[in-house]
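Chemist: Just one file: target.pdb, with PDB, C-alpha atoms and all ligand atoms.
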ATOM      1  CA  MET A   1     151.168 138.438 -47.236
ATOM      2  CA  PRO A   2     147.652 139.737 -46.769
ATOM      3  CA  LEU A   3     146.993 143.187 -48.213
ATOM      4  CA  THR A   4     145.541 144.486 -44.988
ATOM      5  CA  GLU A   5     146.138 143.458 -41.434
ATOM      6  CA  LYS A   6     143.566 143.832 -38.761
ATOM      7  CA  THR A   7     144.474 144.619 -35.204
ATOM      8  CA  PRO A   8     142.832 142.014 -33.006
ATOM      9  CA  ALA A   9     140.438 143.231 -30.332
ATOM     10  CA  THR A  10     141.874 140.686 -27.930
ATOM     11  CA  PRO A  11     145.199 138.874 -27.917
ATOM     12  CA  ALA A  12     143.397 135.814 -29.309
ATOM     13  CA  ALA A  13     144.838 136.090 -32.772
ATOM     14  CA  ALA A  14     148.046 135.053 -34.410
ATOM     15  CA  GLY A  15     150.994 133.105 -33.097
ATOM     16  CA  THR A  16     151.538 130.140 -30.862
ATOM     17  CA  PRO A  17     148.885 129.700 -28.174
ATOM     18  CA  ALA A  18     149.975 130.018 -24.548
ATOM     19  CA  ILE A  19     147.807 126.982 -23.797
ATOM     20  CA  GLU A  20     146.400 124.424 -26.195
ATOM     21  CA  PHE A  21     144.148 121.484 -25.358
ATOM     22  CA  LYS A  22     144.141 118.932 -28.170
ATOM     23  CA  ASP A  23     141.664 116.047 -28.045
ATOM     24  CA  VAL A  24     141.941 116.080 -24.262
ATOM     25  CA  GLU A  25     140.273 113.315 -22.352
ATOM     26  CA  LYS A  26     140.205 112.966 -18.594
ATOM     27  CA  SER A  27     138.769 110.031 -16.737
ATOM     28  CA  PHE A  28     138.735 109.268 -13.050
ATOM     29  CA  GLY A  29     138.549 105.473 -13.070
ATOM     30  CA  PRO A  30     135.463 104.572 -15.075
ATOM     31  CA  THR A  31     134.104 108.143 -15.057
ATOM     32  CA  THR A  32     134.968 110.256 -18.071
ATOM     33  CA  VAL A  33     134.887 113.922 -17.120
ATOM     34  CA  LEU A  34     136.378 115.516 -20.258
ATOM     35  CA  LYS A  35     136.180 114.093 -23.750
ATOM     36  CA  ASN A  36     137.621 115.374 -27.034
ATOM     37  CA  LEU A  37     138.175 118.786 -25.542
ATOM     38  CA  ASN A  38     139.872 121.277 -27.863
ATOM     39  CA  PHE A  39     140.587 124.916 -27.150
ATOM     40  CA  THR A  40     143.411 127.436 -27.132
ATOM     41  CA  VAL A  41     144.288 130.432 -24.997
ATOM     42  CA  ALA A  42     146.396 133.161 -26.609
ATOM     43  CA  PRO A  43     149.398 134.735 -24.880
ATOM     44  CA  GLY A  44     148.160 137.498 -22.595
ATOM     45  CA  GLU A  45     144.565 136.397 -22.930
ATOM     46  CA  ARG A  46     142.357 136.143 -19.838
ATOM     47  CA  VAL A  47     139.766 133.409 -20.110
ATOM     48  CA  THR A  48     137.108 132.616 -17.530
ATOM     49  CA  LEU A  49     135.518 129.185 -17.317
ATOM     50  CA  ILE A  50     131.945 129.195 -16.085
ATOM     51  CA  GLY A  51     129.377 126.449 -15.776
ATOM     52  CA  PRO A  52     127.577 124.272 -13.295
ATOM     53  CA  SER A  53     129.365 122.434 -10.533
ATOM     54  CA  GLY A  54     130.871 119.187 -11.780
ATOM     55  CA  SER A  55     131.246 120.347 -15.392
ATOM     56  CA  GLY A  56     135.031 119.872 -15.336
ATOM     57  CA  LYS A  57     136.354 123.416 -14.840
ATOM     58  CA  THR A  58     138.675 122.697 -11.925
ATOM     59  CA  THR A  59     139.889 119.524 -13.631
ATOM     60  CA  ILE A  60     140.970 121.637 -16.617
ATOM     61  CA  LEU A  61     143.070 123.925 -14.415
ATOM     62  CA  ARG A  62     144.544 120.985 -12.516
ATOM     63  CA  LEU A  63     145.511 119.308 -15.793
ATOM     64  CA  VAL A  64     147.398 122.436 -16.877
ATOM     65  CA  MET A  65     149.183 122.474 -13.512
ATOM     66  CA  THR A  66     149.881 118.730 -14.016
ATOM     67  CA  LEU A  67     148.171 117.941 -10.716
ATOM     68  CA  GLU A  68     146.015 115.404 -12.535
ATOM     69  CA  GLU A  69     147.147 112.743 -14.942
ATOM     70  CA  LEU A  70     146.108 113.364 -18.539
ATOM     71  CA  THR A  71     144.361 110.186 -19.654
ATOM     72  CA  GLY A  72     144.027 111.119 -23.336
ATOM     73  CA  GLY A  73     145.139 113.750 -25.834
ATOM     74  CA  PHE A  74     147.708 116.494 -25.431
ATOM     75  CA  ILE A  75     148.236 119.798 -23.682
ATOM     76  CA  TYR A  76     150.744 122.281 -25.086
ATOM     77  CA  VAL A  77     152.197 125.314 -23.343
ATOM     78  CA  ASP A  78     153.826 127.832 -25.685
ATOM     79  CA  GLY A  79     153.565 125.162 -28.361
ATOM     80  CA  GLN A  80     155.558 122.644 -26.340
ATOM     81  CA  PRO A  81     154.045 119.445 -24.987
ATOM     82  CA  LEU A  82     153.405 119.445 -21.249
ATOM     83  CA  THR A  83     153.060 115.802 -20.260
ATOM     84  CA  PHE A  84     152.611 113.752 -23.435
ATOM     85  CA  GLU A  85     153.778 114.262 -26.992
ATOM     86  CA  GLU A  86     152.922 112.751 -30.328
ATOM     87  CA  ARG A  87     155.847 110.794 -31.732
ATOM     88  CA  ASP A  88     155.524 108.650 -34.873
ATOM     89  CA  GLY A  89     151.766 108.654 -34.432
ATOM     90  CA  LYS A  90     152.083 107.406 -30.854
ATOM     91  CA  ARG A  91     151.272 109.146 -27.601
ATOM     92  CA  VAL A  92     154.458 109.199 -25.527
ATOM     93  CA  GLU A  93     154.843 110.446 -21.958
ATOM     94  CA  LEU A  94     157.547 113.055 -21.450
ATOM     95  CA  PRO A  95     160.264 112.622 -18.832
ATOM     96  CA  LYS A  96     159.062 113.961 -15.470
ATOM     97  CA  LYS A  97     161.999 116.379 -15.381
ATOM     98  CA  ARG A  98     160.837 117.999 -18.613
ATOM     99  CA  THR A  99     157.279 118.313 -17.319
ATOM    100  CA  ARG A 100     158.556 119.897 -14.112
ATOM    101  CA  GLU A 101     160.552 122.434 -16.131
ATOM    102  CA  MET A 102     157.436 123.313 -18.099
ATOM    103  CA  THR A 103     155.351 123.822 -14.960
ATOM    104  CA  THR A 104     157.767 126.415 -13.578
ATOM    105  CA  ARG A 105     156.143 128.768 -16.130
ATOM    106  CA  ILE A 106     152.734 128.207 -14.586
ATOM    107  CA  GLY A 107     151.376 129.506 -11.279
ATOM    108  CA  MET A 108     148.200 128.388  -9.580
ATOM    109  CA  VAL A 109     146.132 129.831  -6.756
ATOM    110  CA  PHE A 110     143.658 127.544  -5.038
ATOM    111  CA  GLN A 111     140.372 128.039  -3.241
ATOM    112  CA  GLN A 112     141.958 126.926   0.046
ATOM    113  CA  PHE A 113     145.187 129.015  -0.232
ATOM    114  CA  ASN A 114     147.447 125.976   0.442
ATOM    115  CA  LEU A 115     150.149 128.002   2.206
ATOM    116  CA  PHE A 116     152.788 126.159   4.224
ATOM    117  CA  PRO A 117     151.547 126.700   7.806
ATOM    118  CA  ASN A 118     154.934 126.133   9.443
ATOM    119  CA  MET A 119     156.648 128.880   7.436
ATOM    120  CA  THR A 120     156.363 132.644   7.665
ATOM    121  CA  VAL A 121     154.737 134.609   4.879
ATOM    122  CA  LEU A 122     158.145 135.550   3.462
ATOM    123  CA  GLU A 123     159.395 131.966   3.641
ATOM    124  CA  ASN A 124     156.294 130.797   1.800
ATOM    125  CA  ILE A 125     156.974 133.236  -1.020
ATOM    126  CA  ILE A 126     160.708 132.600  -1.438
ATOM    127  CA  GLU A 127     160.493 128.797  -1.181
ATOM    128  CA  ALA A 128     160.091 128.036  -4.877
ATOM    129  CA  PRO A 129     162.217 130.895  -6.262
ATOM    130  CA  VAL A 130     165.112 129.673  -4.080
ATOM    131  CA  HIS A 131     164.663 125.904  -4.439
ATOM    132  CA  VAL A 132     163.288 125.655  -7.958
ATOM    133  CA  LEU A 133     164.759 128.678  -9.746
ATOM    134  CA  GLY A 134     167.988 128.714  -7.713
ATOM    135  CA  LYS A 135     167.729 132.369  -6.708
ATOM    136  CA  SER A 136     169.729 133.610  -3.739
ATOM    137  CA  LYS A 137     167.752 134.115  -0.539
ATOM    138  CA  ALA A 138     168.619 137.813  -0.590
ATOM    139  CA  GLU A 139     167.308 138.364  -4.112
ATOM    140  CA  ALA A 140     164.196 136.244  -3.557
ATOM    141  CA  SER A 141     163.463 138.085  -0.292
ATOM    142  CA  ARG A 142     163.833 141.470  -1.961
ATOM    143  CA  GLU A 143     161.395 140.464  -4.703
ATOM    144  CA  ALA A 144     159.028 138.892  -2.168
ATOM    145  CA  LYS A 145     158.860 142.152  -0.235
ATOM    146  CA  GLU A 146     157.987 144.041  -3.417
ATOM    147  CA  LEU A 147     155.244 141.539  -4.104
ATOM    148  CA  LEU A 148     153.927 141.822  -0.549
ATOM    149  CA  GLU A 149     153.750 145.560  -1.018
ATOM    150  CA  ARG A 150     151.847 145.043  -4.225
ATOM    151  CA  VAL A 151     149.235 142.836  -2.545
ATOM    152  CA  GLY A 152     148.954 145.254   0.397
ATOM    153  CA  LEU A 153     150.725 143.099   2.994
ATOM    154  CA  ALA A 154     154.124 144.744   3.351
ATOM    155  CA  ASP A 155     153.894 144.521   7.144
ATOM    156  CA  LYS A 156     153.140 140.774   7.240
ATOM    157  CA  ALA A 157     156.427 139.309   5.965
ATOM    158  CA  ASP A 158     157.284 137.697   9.300
ATOM    159  CA  ALA A 159     153.779 136.615  10.255
ATOM    160  CA  HIS A 160     152.647 133.023  10.128
ATOM    161  CA  PRO A 161     149.766 132.354   7.722
ATOM    162  CA  THR A 162     147.549 131.038  10.525
ATOM    163  CA  ARG A 163     147.562 134.515  12.086
ATOM    164  CA  LEU A 164     146.165 136.089   8.925
ATOM    165  CA  SER A 165     142.596 136.426   7.686
ATOM    166  CA  GLY A 166     141.502 134.290   4.744
ATOM    167  CA  GLY A 167     141.708 137.287   2.440
ATOM    168  CA  GLN A 168     145.242 138.057   3.596
ATOM    169  CA  GLN A 169     146.258 134.417   3.182
ATOM    170  CA  GLN A 170     144.893 134.429  -0.320
ATOM    171  CA  ARG A 171     146.841 137.569  -1.179
ATOM    172  CA  VAL A 172     149.989 135.843   0.099
ATOM    173  CA  ALA A 173     149.145 132.864  -2.119
ATOM    174  CA  ILE A 174     148.845 135.232  -5.095
ATOM    175  CA  ALA A 175     152.208 136.823  -4.226
ATOM    176  CA  ARG A 176     153.717 133.348  -3.933
ATOM    177  CA  ALA A 177     152.465 132.409  -7.395
ATOM    178  CA  LEU A 178     153.764 135.683  -8.876
ATOM    179  CA  ALA A 179     157.183 135.187  -7.268
ATOM    180  CA  MET A 180     157.867 132.506  -9.882
ATOM    181  CA  ASN A 181     157.281 135.115 -12.588
ATOM    182  CA  PRO A 182     154.792 132.840 -14.338
ATOM    183  CA  GLU A 183     153.681 133.211 -17.942
ATOM    184  CA  ILE A 184     150.386 131.584 -17.042
ATOM    185  CA  LEU A 185     148.327 132.095 -13.895
ATOM    186  CA  LEU A 186     145.560 129.634 -13.016
ATOM    187  CA  LEU A 187     142.975 130.846 -10.519
ATOM    188  CA  ASP A 188     140.591 128.267  -9.124
ATOM    189  CA  GLU A 189     137.651 129.872  -7.316
ATOM    190  CA  VAL A 190     140.085 131.937  -5.288
ATOM    191  CA  THR A 191     137.389 133.873  -3.431
ATOM    192  CA  SER A 192     134.924 131.049  -2.782
ATOM    193  CA  ALA A 193     136.246 130.227   0.691
ATOM    194  CA  LEU A 194     136.334 133.848   1.862
ATOM    195  CA  ASP A 195     133.938 135.816   4.006
ATOM    196  CA  PRO A 196     132.116 138.247   1.717
ATOM    197  CA  GLU A 197     133.807 141.319   3.185
ATOM    198  CA  LEU A 198     137.243 139.924   2.290
ATOM    199  CA  VAL A 199     136.472 139.162  -1.345
ATOM    200  CA  GLY A 200     136.910 142.730  -2.611
ATOM    201  CA  ASP A 201     140.552 143.071  -1.572
ATOM    202  CA  VAL A 202     141.519 139.817  -3.292
ATOM    203  CA  LEU A 203     139.662 140.734  -6.478
ATOM    204  CA  GLY A 204     141.283 144.177  -6.337
ATOM    205  CA  VAL A 205     144.736 142.599  -6.348
ATOM    206  CA  LEU A 206     143.779 140.389  -9.297
ATOM    207  CA  ARG A 207     142.350 143.324 -11.222
ATOM    208  CA  ASP A 208     145.630 145.136 -10.696
ATOM    209  CA  ILE A 209     147.576 142.140 -12.027
ATOM    210  CA  ALA A 210     145.255 141.922 -15.013
ATOM    211  CA  GLU A 211     145.675 145.616 -15.784
ATOM    212  CA  THR A 212     149.413 145.893 -15.265
ATOM    213  CA  THR A 213     150.847 142.616 -16.584
ATOM    214  CA  ASP A 214     150.462 140.500 -19.692
ATOM    215  CA  ILE A 215     150.215 137.223 -17.793
ATOM    216  CA  THR A 216     147.920 134.733 -19.480
ATOM    217  CA  MET A 217     145.109 133.888 -17.077
ATOM    218  CA  LEU A 218     142.746 130.954 -16.995
ATOM    219  CA  LEU A 219     140.267 131.269 -14.180
ATOM    220  CA  VAL A 220     137.269 129.657 -12.625
ATOM    221  CA  THR A 221     135.098 132.019 -10.628
ATOM    222  CA  HIS A 222     131.557 132.590  -9.478
ATOM    223  CA  GLU A 223     132.208 136.329  -9.306
ATOM    224  CA  MET A 224     130.466 137.211 -12.527
ATOM    225  CA  GLN A 225     131.089 140.955 -12.337
ATOM    226  CA  PHE A 226     134.786 140.288 -11.911
ATOM    227  CA  ALA A 227     134.738 137.795 -14.807
ATOM    228  CA  ARG A 228     133.025 140.387 -16.922
ATOM    229  CA  ASP A 229     135.522 143.096 -16.086
ATOM    230  CA  VAL A 230     138.785 141.208 -16.519
ATOM    231  CA  SER A 231     138.120 138.507 -19.118
ATOM    232  CA  HIS A 232     138.716 138.750 -22.818
ATOM    233  CA  ARG A 233     136.675 135.599 -23.284
ATOM    234  CA  VAL A 234     134.237 133.493 -21.298
ATOM    235  CA  MET A 235     133.772 129.782 -21.932
ATOM    236  CA  MET A 236     130.599 128.139 -20.702
ATOM    237  CA  PHE A 237     131.090 124.480 -19.820
ATOM    238  CA  ASP A 238     128.512 121.813 -19.438
ATOM    239  CA  GLY A 239     129.269 118.126 -19.001
ATOM    240  CA  GLY A 240     132.947 118.570 -19.868
ATOM    241  CA  GLN A 241     132.199 120.316 -23.179
ATOM    242  CA  VAL A 242     132.340 123.951 -24.262
ATOM    243  CA  LEU A 243     128.689 124.831 -24.700
ATOM    244  CA  GLU A 244     129.391 128.334 -25.939
ATOM    245  CA  GLU A 245     132.105 130.942 -25.735
ATOM    246  CA  GLY A 246     132.624 134.565 -26.557
ATOM    247  CA  PRO A 247     133.435 137.997 -25.177
ATOM    248  CA  PRO A 248     131.903 138.557 -21.730
ATOM    249  CA  ASP A 249     129.319 141.028 -23.041
ATOM    250  CA  GLN A 250     128.006 138.477 -25.480
ATOM    251  CA  ILE A 251     127.889 135.587 -23.020
ATOM    252  CA  PHE A 252     126.346 137.613 -20.202
ATOM    253  CA  ASN A 253     123.976 139.792 -22.267
ATOM    254  CA  ASP A 254     123.050 137.541 -25.115
ATOM    255  CA  PRO A 255     123.677 133.877 -24.301
ATOM    256  CA  GLN A 256     122.717 131.575 -27.137
ATOM    257  CA  HIS A 257     121.915 128.465 -25.137
ATOM    258  CA  GLU A 258     119.079 127.944 -22.727
ATOM    259  CA  ARG A 259     121.526 126.054 -20.483
ATOM    260  CA  THR A 260     123.757 129.157 -20.278
ATOM    261  CA  ARG A 261     120.738 131.374 -19.560
ATOM    262  CA  SER A 262     119.554 129.162 -16.720
ATOM    263  CA  PHE A 263     123.077 128.866 -15.303
ATOM    264  CA  LEU A 264     123.544 132.636 -15.352
ATOM    265  CA  SER A 265     120.166 133.295 -13.776
ATOM    266  CA  SER A 266     121.126 130.924 -10.956
ATOM    267  CA  VAL A 267     124.351 132.795 -10.165
ATOM    268  CA  LEU A 268     123.606 136.423 -11.012
TER     269      LEU A 268
HETATM  270  P1  LIG B 301     133.820 121.833 -11.598
HETATM  271  O1  LIG B 301     135.113 122.508 -11.317
HETATM  272  O2  LIG B 301     133.192 122.285 -12.878
HETATM  273  O3  LIG B 301     132.873 121.863 -10.437
HETATM  274  P2  LIG B 301     135.368 119.413 -11.411
HETATM  275  O4  LIG B 301     136.430 119.539 -12.442
HETATM  276  O5  LIG B 301     135.737 119.698 -10.001
HETATM  277  O6  LIG B 301     134.123 120.278 -11.859
HETATM  278  O7  LIG B 301     134.770 117.947 -11.449
HETATM  279  C1  LIG B 301     134.304 117.358 -12.629
HETATM  280  C2  LIG B 301     133.882 115.936 -12.330
HETATM  281  O8  LIG B 301     135.018 115.170 -12.019
HETATM  282  C3  LIG B 301     132.924 115.826 -11.155
HETATM  283  O9  LIG B 301     131.951 114.880 -11.465
HETATM  284  C4  LIG B 301     133.811 115.321 -10.041
HETATM  285  O10 LIG B 301     133.092 114.536  -9.126
HETATM  286  C5  LIG B 301     134.838 114.492 -10.788
HETATM  287  N1  LIG B 301     136.124 114.453 -10.086
HETATM  288  C6  LIG B 301     136.963 115.490  -9.875
HETATM  289  N2  LIG B 301     138.067 115.090  -9.219
HETATM  290  C7  LIG B 301     137.933 113.764  -9.001
HETATM  291  C8  LIG B 301     138.735 112.756  -8.383
HETATM  292  N3  LIG B 301     139.930 113.045  -7.863
HETATM  293  N4  LIG B 301     138.254 111.505  -8.358
HETATM  294  C9  LIG B 301     137.066 111.194  -8.916
HETATM  295  N5  LIG B 301     136.257 112.076  -9.523
HETATM  296  C10 LIG B 301     136.678 113.348  -9.571
END
As structure tokens, please, write out the structure in this file.
Modeler:
Amino acid sequence: MPLTEKTPATPAAAGTPAIEFKDVEKSFGPTTVLKNLNFTVAPGERVTLIGPSGSGKTTILRLVMTLEELTGGFIYVDGQPLTFEERDGKRVELPKKRTREMTTRIGMVFQQFNLFPNMTVLENIIEAPVHVLGKSKAEASREAKELLERVGLADKADAHPTRLSGGQQQRVAIARALAMNPEILLLDEVTSALDPELVGDVLGVLRDIAETTDITMLLVTHEMQFARDVSHRVMMFDGGQVLEEGPPDQIFNDPQHERTRSFLSSVL
């Protein structure tokens, strides 16, 4: 036992990481996008990935959501392997059923909303809670309505997504992700496809989630002020590698690498 214990400034301290990348490699055919990538995200930590287009940020989120095949290394969620595990020194793929169980703990919101266009807003939100978690329609609908209230769309339950603005659709997509009660929320440039006047409402909802829940968040965004306000840590990527990382104040005010400085001056 240590004689003194320090209280961590951020959740990034003791215990099992919410997310761990271990020697991760990702190739698309002959093109290697990520190589020997190692990092962890602590439970409740909010980490923003920044960096130039093509540096591998979206690929990282998609690997956590198991939307891309992991071509090398391991990803752990709450200390448990997600798609591959190490057994007797070998890399062994997990049964698909196990991977699917693991991904029920993870929610993702995409740039293009990806709502089901043939379903109402409410049906979109209750789909997975009913079919994946086995909740009753009544319970899922009750929770969905609470979530719609939370994202400011209580009156849109019966609307079809196509009748909503992009910002409203994105707030539905956030409610849909939250309906699964995820431990981890992945946000991939969720405001990039929106008209500028609609961005604020979506960021407002995300700020509220950040302030009122302890969901672990891994996000890619070009909204640097938002990143600064909600993140515990910012990781600057370049060419599939972490170039530098630190608290937002450090990365934004005192970047150590010229590459980070030039990236920030291009987006700020
Ligand atoms: P970022 O999010 O930082 O812009 P991405 O993760 O989207 O970067 O892409 C990283 C690299 O991987 C890019 O060079 C991109 O062209 C490539 N890439 C991403 N998805 C695919 C794919 N499905 N097939 C081939 N190459 C891909």
Chemist: Where does the PyMOL selection byres (((chain A and resi 82-84) around 12) and not hetatm) land in this file, that is, which residues does it pick, as JSON, numbers by chain?
Modeler: {"A": [18, 19, 20, 21, 22, 24, 63, 64, 65, 66, 67, 68, 69, 70, 71, 72, 73, 74, 75, 76, 77, 78, 79, 80, 81, 85, 86, 87, 90, 91, 92, 93, 94, 95, 96, 97, 98, 99, 100, 101, 102, 103, 104, 105, 106]}
Chemist: Measure the distance from atom O6 of ligand LIG 301 (chain B) to atom CA of Pro255 of chain A in Å and round it to one decimal.
Modeler: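 Separating atom O6 of ligand LIG 301 (chain B) from atom CA of Pro255 of chain A is a distance of 21.2 Å.
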Chemist: Output the neighbourhood of ligand LIG 301 (chain B) as a PDB file with C-alpha atoms, in the coordinates of the input, that is, all protein and nucleic acid residues with some atom at most 7 Å from the ligand, counting only C-alpha atoms and all ligand atoms.
Modeler:
ATOM      1  CA  PHE A  28     138.735 109.268 -13.050  1.00  0.00           C
ATOM      2  CA  VAL A  33     134.887 113.922 -17.120  1.00  0.00           C
ATOM      3  CA  GLY A  51     129.377 126.449 -15.776  1.00  0.00           C
ATOM      4  CA  PRO A  52     127.577 124.272 -13.295  1.00  0.00           C
ATOM      5  CA  SER A  53     129.365 122.434 -10.533  1.00  0.00           C
ATOM      6  CA  GLY A  54     130.871 119.187 -11.780  1.00  0.00           C
ATOM      7  CA  SER A  55     131.246 120.347 -15.392  1.00  0.00           C
ATOM      8  CA  GLY A  56     135.031 119.872 -15.336  1.00  0.00           C
ATOM      9  CA  LYS A  57     136.354 123.416 -14.840  1.00  0.00           C
ATOM     10  CA  THR A  58     138.675 122.697 -11.925  1.00  0.00           C
ATOM     11  CA  THR A  59     139.889 119.524 -13.631  1.00  0.00           C
ATOM     12  CA  ILE A  60     140.970 121.637 -16.617  1.00  0.00           C
TER      13      ILE A  60
END
Chemist: Select, counting only C-alpha atoms, all protein, DNA and RNA residues no farther than 6 Å from (134.4, 130.8, -12.0) in file coordinates, and express the selection as a list in words.
Modeler: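 Looking at atoms near the point gives Leu49, Ile50, Glu189, Val220, Thr221 and His222 of chain A.
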Chemist: For the structure shown, which residues end up in the PyMOL selection byres (((chain A and resi 39-45) around 9) and not hetatm)? Put them as a PDB file with C-alpha atoms, in the coordinates of the input, please?
Modeler:
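The result, written out as expr-v2.pdb:
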ATOM      1  CA  THR A  10     141.874 140.686 -27.930  1.00  0.00           C
ATOM      2  CA  PRO A  11     145.199 138.874 -27.917  1.00  0.00           C
ATOM      3  CA  ALA A  12     143.397 135.814 -29.309  1.00  0.00           C
ATOM      4  CA  ALA A  13     144.838 136.090 -32.772  1.00  0.00           C
ATOM      5  CA  ALA A  14     148.046 135.053 -34.410  1.00  0.00           C
ATOM      6  CA  GLY A  15     150.994 133.105 -33.097  1.00  0.00           C
ATOM      7  CA  THR A  16     151.538 130.140 -30.862  1.00  0.00           C
ATOM      8  CA  PRO A  17     148.885 129.700 -28.174  1.00  0.00           C
ATOM      9  CA  ALA A  18     149.975 130.018 -24.548  1.00  0.00           C
ATOM     10  CA  ILE A  19     147.807 126.982 -23.797  1.00  0.00           C
ATOM     11  CA  GLU A  20     146.400 124.424 -26.195  1.00  0.00           C
ATOM     12  CA  PHE A  21     144.148 121.484 -25.358  1.00  0.00           C
ATOM     13  CA  LYS A  22     144.141 118.932 -28.170  1.00  0.00           C
ATOM     14  CA  ASP A  23     141.664 116.047 -28.045  1.00  0.00           C
ATOM     15  CA  LEU A  37     138.175 118.786 -25.542  1.00  0.00           C
ATOM     16  CA  ASN A  38     139.872 121.277 -27.863  1.00  0.00           C
ATOM     17  CA  ARG A  46     142.357 136.143 -19.838  1.00  0.00           C
ATOM     18  CA  VAL A  47     139.766 133.409 -20.110  1.00  0.00           C
ATOM     19  CA  ASP A  78     153.826 127.832 -25.685  1.00  0.00           C
ATOM     20  CA  GLU A 183     153.681 133.211 -17.942  1.00  0.00           C
ATOM     21  CA  ILE A 184     150.386 131.584 -17.042  1.00  0.00           C
ATOM     22  CA  THR A 213     150.847 142.616 -16.584  1.00  0.00           C
ATOM     23  CA  ASP A 214     150.462 140.500 -19.692  1.00  0.00           C
ATOM     24  CA  ILE A 215     150.215 137.223 -17.793  1.00  0.00           C
ATOM     25  CA  THR A 216     147.920 134.733 -19.480  1.00  0.00           C
ATOM     26  CA  MET A 217     145.109 133.888 -17.077  1.00  0.00           C
ATOM     27  CA  LEU A 218     142.746 130.954 -16.995  1.00  0.00           C
ATOM     28  CA  SER A 231     138.120 138.507 -19.118  1.00  0.00           C
ATOM     29  CA  HIS A 232     138.716 138.750 -22.818  1.00  0.00           C
ATOM     30  CA  ARG A 233     136.675 135.599 -23.284  1.00  0.00           C
ATOM     31  CA  VAL A 242     132.340 123.951 -24.262  1.00  0.00           C
TER      32      VAL A 242
END
Chemist: Give me, please, the distance in Å between atom CA of Pro248 of chain A and atom CA of Arg228 of chain A, quoted to one decimal.
Modeler: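 One can read the atom CA of Pro248 of chain A to atom CA of Arg228 of chain A distance as 5.3 Å.
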Chemist: Using all atoms listed in the file, determine which residues lie at most 10 Å from Val172 of chain A, disregarding the query and same-chain residues fewer than 4 positions distant; provide the list as a CSV table (one decimal) with C-alpha atoms, in the coordinates of the input.
Modeler:
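Saved result, around.csv, follows:
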chain,number,residue,atom,x,y,z
A,109,VAL,CA,146.1,129.8,-6.8
A,113,PHE,CA,145.2,129.0,-0.2
A,115,LEU,CA,150.1,128.0,2.2
A,121,VAL,CA,154.7,134.6,4.9
A,122,LEU,CA,158.1,135.6,3.5
A,124,ASN,CA,156.3,130.8,1.8
A,125,ILE,CA,157.0,133.2,-1.0
A,144,ALA,CA,159.0,138.9,-2.2
A,147,LEU,CA,155.2,141.5,-4.1
A,148,LEU,CA,153.9,141.8,-0.5
A,151,VAL,CA,149.2,142.8,-2.5
A,152,GLY,CA,149.0,145.3,0.4
A,153,LEU,CA,150.7,143.1,3.0
A,156,LYS,CA,153.1,140.8,7.2
A,157,ALA,CA,156.4,139.3,6.0
A,161,PRO,CA,149.8,132.4,7.7
A,164,LEU,CA,146.2,136.1,8.9
A,166,GLY,CA,141.5,134.3,4.7
A,167,GLY,CA,141.7,137.3,2.4
A,168,GLN,CA,145.2,138.1,3.6
A,176,ARG,CA,153.7,133.3,-3.9
A,177,ALA,CA,152.5,132.4,-7.4
A,178,LEU,CA,153.8,135.7,-8.9
A,202,VAL,CA,141.5,139.8,-3.3
Chemist: Using only the atoms of segment 186-201 of chain A listed in the file, plus 5 Å on each side, state the axis-aligned box centre and edge lengths in Å rounded to one decimal, as JSON.
Modeler:
{"center_x": 138.8, "center_y": 135.7, "center_z": -4.5, "size_x": 23.4, "size_y": 24.8, "size_z": 27.0}
Chemist: What's the 7 Å shell around segment 190-198 of chain A, counting all atoms listed in the file, without same-chain residues fewer than 2 positions away, as a list in words?
Modeler: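 Everything that qualifies: Val109, Phe110, Gln111, Gln112, Gly166, Gly167, Leu187, Asp188, Gly200 and Asp201 of chain A.
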Chemist: Smallest atom-to-atom distance to Glu127 of chain A: which of A:Arg62, A:Ala179, A:Asp155, A:Leu186, using all atoms listed in the file?
Modeler: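 Residue with the minimum atom-to-atom distance to Glu127 of chain A: A:Ala179.
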Chemist: Name the residues that the PyMOL selection byres (((chain A and resi 259-261) around 10) and not hetatm) picks from the file above, as a list in words, using the file's chain letters and numbers.
Modeler: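 Selected by the PyMOL selection byres (((chain A and resi 259-261) around 10) and not hetatm) in this file: Ile50, Gly51, Pro52, Met236, Phe237, Asp238, Leu243, Glu244, Ile251, Phe252, Asn253, Asp254, Pro255, Gln256, His257, Glu258, Ser262, Phe263, Leu264, Ser265 and Ser266 of chain A.
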Chemist: Between atom CA of Leu203 of chain A and atom CA of Gln225 of chain A, what distance in Å does the model show, to one decimal?
Modeler: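 For atom CA of Leu203 of chain A relative to atom CA of Gln225 of chain A, the distance reads 10.4 Å.
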Chemist: When you count all atoms listed in the file, which of these residues is closest to Leu133 of chain A: A:Met180, A:Leu34, A:Leu206, A:Leu185?
Modeler: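 For Leu133 of chain A, the nearest of the given residues is A:Met180.
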Chemist: Counting all atoms listed in the file, which of A:Phe226, A:Gly239, A:Val205, A:Glu149 gets nearest to Lys35 of chain A?
Modeler: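 Distance minimum relative to Lys35 of chain A lands on A:Gly239.
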Chemist: When you look at Asn118 of chain A with a cut-off of 12 Å (counting all atoms listed in the file), what residues show up, excluding the ones that are within fewer than 4 positions of it in the same chain? I need them as a list in words.
Modeler: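 My reading of the contact set: Asn114, Leu122, Glu123, Asn124, Asp158, Ala159, His160, Pro161, Thr162 and Arg163 of chain A.
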